[in-house]
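Data from work_2.txt: compact mmCIF, C-alpha atoms
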```txt
# COMPACT_ATOMS: atom_id res chain seq x y z
CA MET Q 21 -50.39 25.71 -8.71
CA VAL Q 22 -47.20 26.16 -10.68
CA VAL Q 23 -44.73 28.88 -9.72
CA ASN Q 24 -42.81 30.19 -12.69
CA GLU Q 25 -39.06 30.05 -11.96
CA GLU Q 26 -38.54 33.21 -14.04
CA TRP Q 27 -40.26 35.24 -11.33
CA PHE Q 28 -37.99 37.47 -9.35
CA ARG Q 29 -38.23 39.22 -6.01
CA GLY Q 30 -40.92 41.92 -5.78
CA SER Q 31 -42.38 41.08 -9.18
CA LEU Q 32 -46.09 41.16 -9.88
CA HIS Q 33 -47.60 38.43 -12.08
CA GLU Q 34 -51.02 37.70 -13.50
CA LEU Q 35 -52.62 34.42 -12.40
CA SER Q 36 -54.49 31.98 -14.63
CA ARG Q 37 -58.22 31.40 -14.15
CA GLU Q 38 -57.43 27.96 -12.73
CA ASP Q 39 -54.97 29.39 -10.21
CA CYS Q 40 -57.52 32.03 -9.22
CA LEU Q 41 -60.21 29.40 -8.58
CA GLU Q 42 -57.74 27.31 -6.57
CA LEU Q 43 -56.87 30.29 -4.37
CA LEU Q 44 -60.56 31.19 -3.94
CA ALA Q 45 -61.32 27.63 -2.85
CA GLY Q 46 -58.61 27.82 -0.19
CA LYS Q 47 -60.23 30.69 1.71
CA VAL Q 48 -63.57 31.14 3.50
CA VAL Q 49 -63.97 34.93 3.77
CA GLY Q 50 -64.12 37.40 0.90
CA ARG Q 51 -65.61 40.79 0.12
CA VAL Q 52 -68.70 41.46 -1.98
CA CYS Q 53 -68.83 44.83 -3.74
CA TYR Q 54 -72.02 46.31 -5.11
CA VAL Q 55 -73.33 49.80 -5.78
CA ASP Q 56 -76.18 51.41 -3.89
CA ASP Q 57 -77.64 54.93 -4.11
CA ASP Q 58 -74.59 56.41 -2.35
CA GLY Q 59 -71.94 54.57 -4.40
CA PRO Q 60 -69.79 51.44 -3.98
CA VAL Q 61 -70.25 49.27 -0.88
CA VAL Q 62 -67.87 46.49 0.21
CA ILE Q 63 -69.03 43.87 2.73
CA PRO Q 64 -67.12 40.83 4.04
CA VAL Q 65 -68.93 37.48 3.79
CA ASN Q 66 -68.02 33.88 4.30
CA TYR Q 67 -68.48 31.81 1.17
CA VAL Q 68 -67.85 28.58 -0.70
CA VAL Q 69 -66.71 28.05 -4.27
CA ASP Q 70 -69.30 26.10 -6.25
CA GLN Q 71 -69.41 25.29 -9.98
CA GLY Q 72 -66.82 27.95 -10.82
CA GLY Q 73 -68.69 30.65 -8.92
CA VAL Q 74 -69.19 31.83 -5.35
CA LEU Q 75 -72.08 31.10 -2.98
CA PHE Q 76 -72.85 33.02 0.20
CA ARG Q 77 -75.87 33.65 2.40
CA THR Q 78 -77.39 36.94 3.48
CA SER Q 79 -80.59 38.31 4.99
CA PRO Q 80 -83.46 38.64 2.52
CA GLN Q 81 -84.46 41.90 4.22
CA GLY Q 82 -80.94 43.40 4.21
CA LEU Q 83 -79.52 46.16 2.06
CA MET Q 84 -77.21 43.75 0.24
CA ALA Q 85 -80.15 41.65 -0.96
CA ALA Q 86 -81.89 44.75 -2.25
CA HIS Q 87 -78.89 45.77 -4.36
CA VAL Q 88 -77.24 42.59 -5.65
CA ARG Q 89 -80.14 40.70 -7.21
CA ASP Q 90 -79.51 40.14 -10.89
CA GLY Q 91 -77.01 42.97 -10.91
CA PRO Q 92 -73.31 43.42 -11.46
CA VAL Q 93 -71.10 42.67 -8.46
CA ALA Q 94 -67.47 42.11 -7.67
CA PHE Q 95 -65.99 39.64 -5.21
CA GLN Q 96 -62.42 39.80 -3.93
CA VAL Q 97 -60.24 37.55 -1.83
CA ASP Q 98 -56.62 38.15 -1.00
CA GLU Q 99 -53.77 37.21 1.25
CA VAL Q 100 -51.02 39.61 2.28
CA ASP Q 101 -47.81 39.02 4.19
CA GLU Q 102 -46.62 42.41 5.42
CA VAL Q 103 -43.31 41.03 6.66
CA THR Q 104 -42.21 39.64 3.29
CA GLU Q 105 -44.18 42.23 1.28
CA SER Q 106 -45.82 39.48 -0.74
CA GLY Q 107 -49.26 38.12 -1.41
CA TRP Q 108 -51.98 37.57 -3.93
CA SER Q 109 -55.38 38.93 -4.87
CA VAL Q 110 -58.25 37.42 -6.86
CA LEU Q 111 -61.08 39.52 -8.29
CA LEU Q 112 -64.24 37.94 -9.65
CA ARG Q 113 -66.65 40.19 -11.57
CA GLY Q 114 -70.05 39.00 -12.68
CA GLU Q 115 -73.72 38.79 -11.87
CA ALA Q 116 -75.42 37.91 -8.61
CA ALA Q 117 -78.62 35.90 -8.54
CA PHE Q 118 -80.75 34.44 -5.77
CA GLU Q 119 -81.18 30.68 -5.60
CA GLN Q 120 -83.55 28.43 -3.78
CA PRO Q 121 -81.63 26.01 -1.56
CA LYS Q 122 -83.20 22.96 -3.28
CA ALA Q 123 -82.40 24.24 -6.78
CA ALA Q 124 -78.82 24.92 -5.72
CA GLY Q 125 -78.45 21.35 -4.49
CA TRP Q 126 -78.32 22.52 -0.87
CA ASP Q 127 -77.91 18.96 0.37
CA ASN Q 128 -75.13 18.16 -2.12
CA GLY Q 129 -71.72 19.47 -1.16
CA PRO Q 130 -70.44 22.28 1.02
CA ARG Q 131 -72.64 25.28 1.65
CA PRO Q 132 -71.82 28.57 3.33
CA SER Q 133 -72.71 28.83 6.98
CA PRO Q 134 -72.93 32.50 8.00
CA TRP Q 135 -70.82 33.70 10.90
CA ALA Q 136 -73.06 36.70 11.58
CA GLN Q 137 -76.12 36.33 13.77
CA GLY Q 138 -79.63 36.62 12.47
CA SER Q 139 -81.62 35.06 9.70
CA ARG Q 140 -79.35 34.69 6.68
CA ASN Q 141 -81.35 32.21 4.64
CA LEU Q 142 -81.06 33.89 1.24
CA LEU Q 143 -78.57 32.03 -0.94
CA VAL Q 144 -76.71 34.26 -3.41
CA ARG Q 145 -74.66 32.93 -6.30
CA ILE Q 146 -72.11 35.09 -8.09
CA THR Q 147 -71.48 33.76 -11.57
CA PRO Q 148 -68.24 35.20 -12.93
CA ARG Q 149 -67.89 36.91 -16.27
CA VAL Q 150 -64.25 37.66 -15.52
CA ILE Q 151 -61.83 36.23 -12.98
CA THR Q 152 -58.45 37.88 -12.62
CA GLY Q 153 -55.67 37.55 -10.12
CA ARG Q 154 -52.19 38.74 -9.31
CA ARG Q 155 -49.38 37.43 -7.17
CA LEU Q 156 -46.58 39.50 -5.69
CA LEU Q 157 -43.43 37.61 -4.74
CA PRO Q 158 -41.57 38.58 -1.57
CA GLY Q 159 -39.79 41.93 -1.81
```
Rewrite the structure of this file - the entire thing - as structure tokens.
Amino acid sequence: MVVNEEWFRGSLHELSREDCLELLAGKVVGRVCYVDDDGPVVIPVNYVVDQGGVLFRTSPQGLMAAHVRDGPVAFQVDEVDEVTESGWSVLLRGEAAFEQPKAAGWDNGPRPSPWAQGSRNLLVRITPRVITGRRLLPG
């Protein structure tokens, strides 16, 4: 990742798609946002970056599975340093789809391992339409 030397303290800058994907790959927990009958819902999940998108696992009987299939979703990851008043945020917006573990190459490469208890054997892939990010330099 390249830091532009023209940045100055407390300034907010847009990140490139490549920088966003690099930051996403460096974390393991993000937030999935979808809409149910009562409005927007945001749920933390652990995930992996795969083929330019995000993979996570959930329960096939859960509310998230009922609302994200083949629908629009958002996924956000960020890092904040309250002491220096700096940080970054990446927002991925796209479609969620269910995948069979074999079709997703379950045995090839890293796969998300849920932290939460219970059966979380439904693999969900978010394919981005848009990836945006911002970085705030220390204030």
Would you mind telling me which residue in Q:Gly82, Q:Gly114, Q:Gly107, Q:Pro158 lies nearest to Leu142 in chain Q when using only C-alpha atoms?
->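 Of the candidates, the smallest distance to Leu142 in chain Q is held by Q:Gly82.
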Taking all atoms of range 36-40 of chain Q that appear in the file, build a box with edges along x, y and z, extend it by 8 Å on every side, and state its centre and edge lengths in Å to one decimal, as AutoDock Vina command-line options.
```
--center_x -56.4 --center_y 30.0 --center_z -11.9 --size_x 19.7 --size_y 20.1 --size_z 21.4
```
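When the distance limit is 9 Å and only C-alpha atoms are what count, the residues near range 59-66 of chain Q, minus those fewer than 2 positions from it on the same chain, are Lys47, Val48, Val49, Gly50, Arg51, Val52, Cys53, Tyr54, Val55, Asp56, Asp57, Val68, Leu75, Phe76, Arg77, Thr78, Met84, Phe95, Pro132, Ser133, Pro134, Trp135 and Ala136 of chain Q.
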Q:Ala86, Q:Leu143, Q:Arg154, Q:Ala117 ranked by distance to Glu99 in chain Q, top pick (using all atoms listed in the file) = Q:Arg154
Between CA of Val88 in chain Q and CA of Glu34 in chain Q lies a distance of 27.8 Å
Non-local contacts of Asp39 in chain Q (10 Å; all atoms listed in the file; under 2 positions in same chain excluded) as a ChimeraX atom specification = /Q:21-22,34-37,41-45,110,152-154
Select all residues near (-70.8, 40.3, -9.4) (cut-off 7 Å, inclusive, file coordinates), counting only C-alpha atoms, and output them as a VMD selection string.
-> chain Q and resid 91 to 95 112 to 116 146 to 148
CA of Tyr67 in chain Q to CA of Ser106 in chain Q: how many Å, to one decimal?
-> 24.0 Å
Between CA of Gln81 in chain Q and CA of Leu111 in chain Q, distance in Å (one decimal) = 26.6 Å
Of the candidates Q:Asp70, Q:Gly46, Q:Asp58, Q:Gly30, which shows the shortest atom-to-atom distance to Asp98 in chain Q, using only C-alpha atoms?
->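 Of Q:Asp70, Q:Gly46, Q:Asp58, Q:Gly30, the one nearest Asp98 in chain Q is Q:Gly46, counting only C-alpha atoms.
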Which residue out of Q:Ile151, Q:Gly72, Q:Leu156, Q:His33 has the minimum interatomic distance to Gln96 in chain Q when all atoms listed in the file are used?
-> Q:Ile151
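The nearest approach to Trp108 in chain Q among the residues Q:Asn141, Q:Arg155, Q:Ser31, Q:Val150, with all atoms listed in the file taken into account, belongs to Q:Arg155.
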Looking at Q:Gln120, Q:Ala85, Q:Val103, Q:Ser79, which one is nearest to Ser139 in chain Q, with distances taken over all atoms listed in the file?
-> Q:Ser79
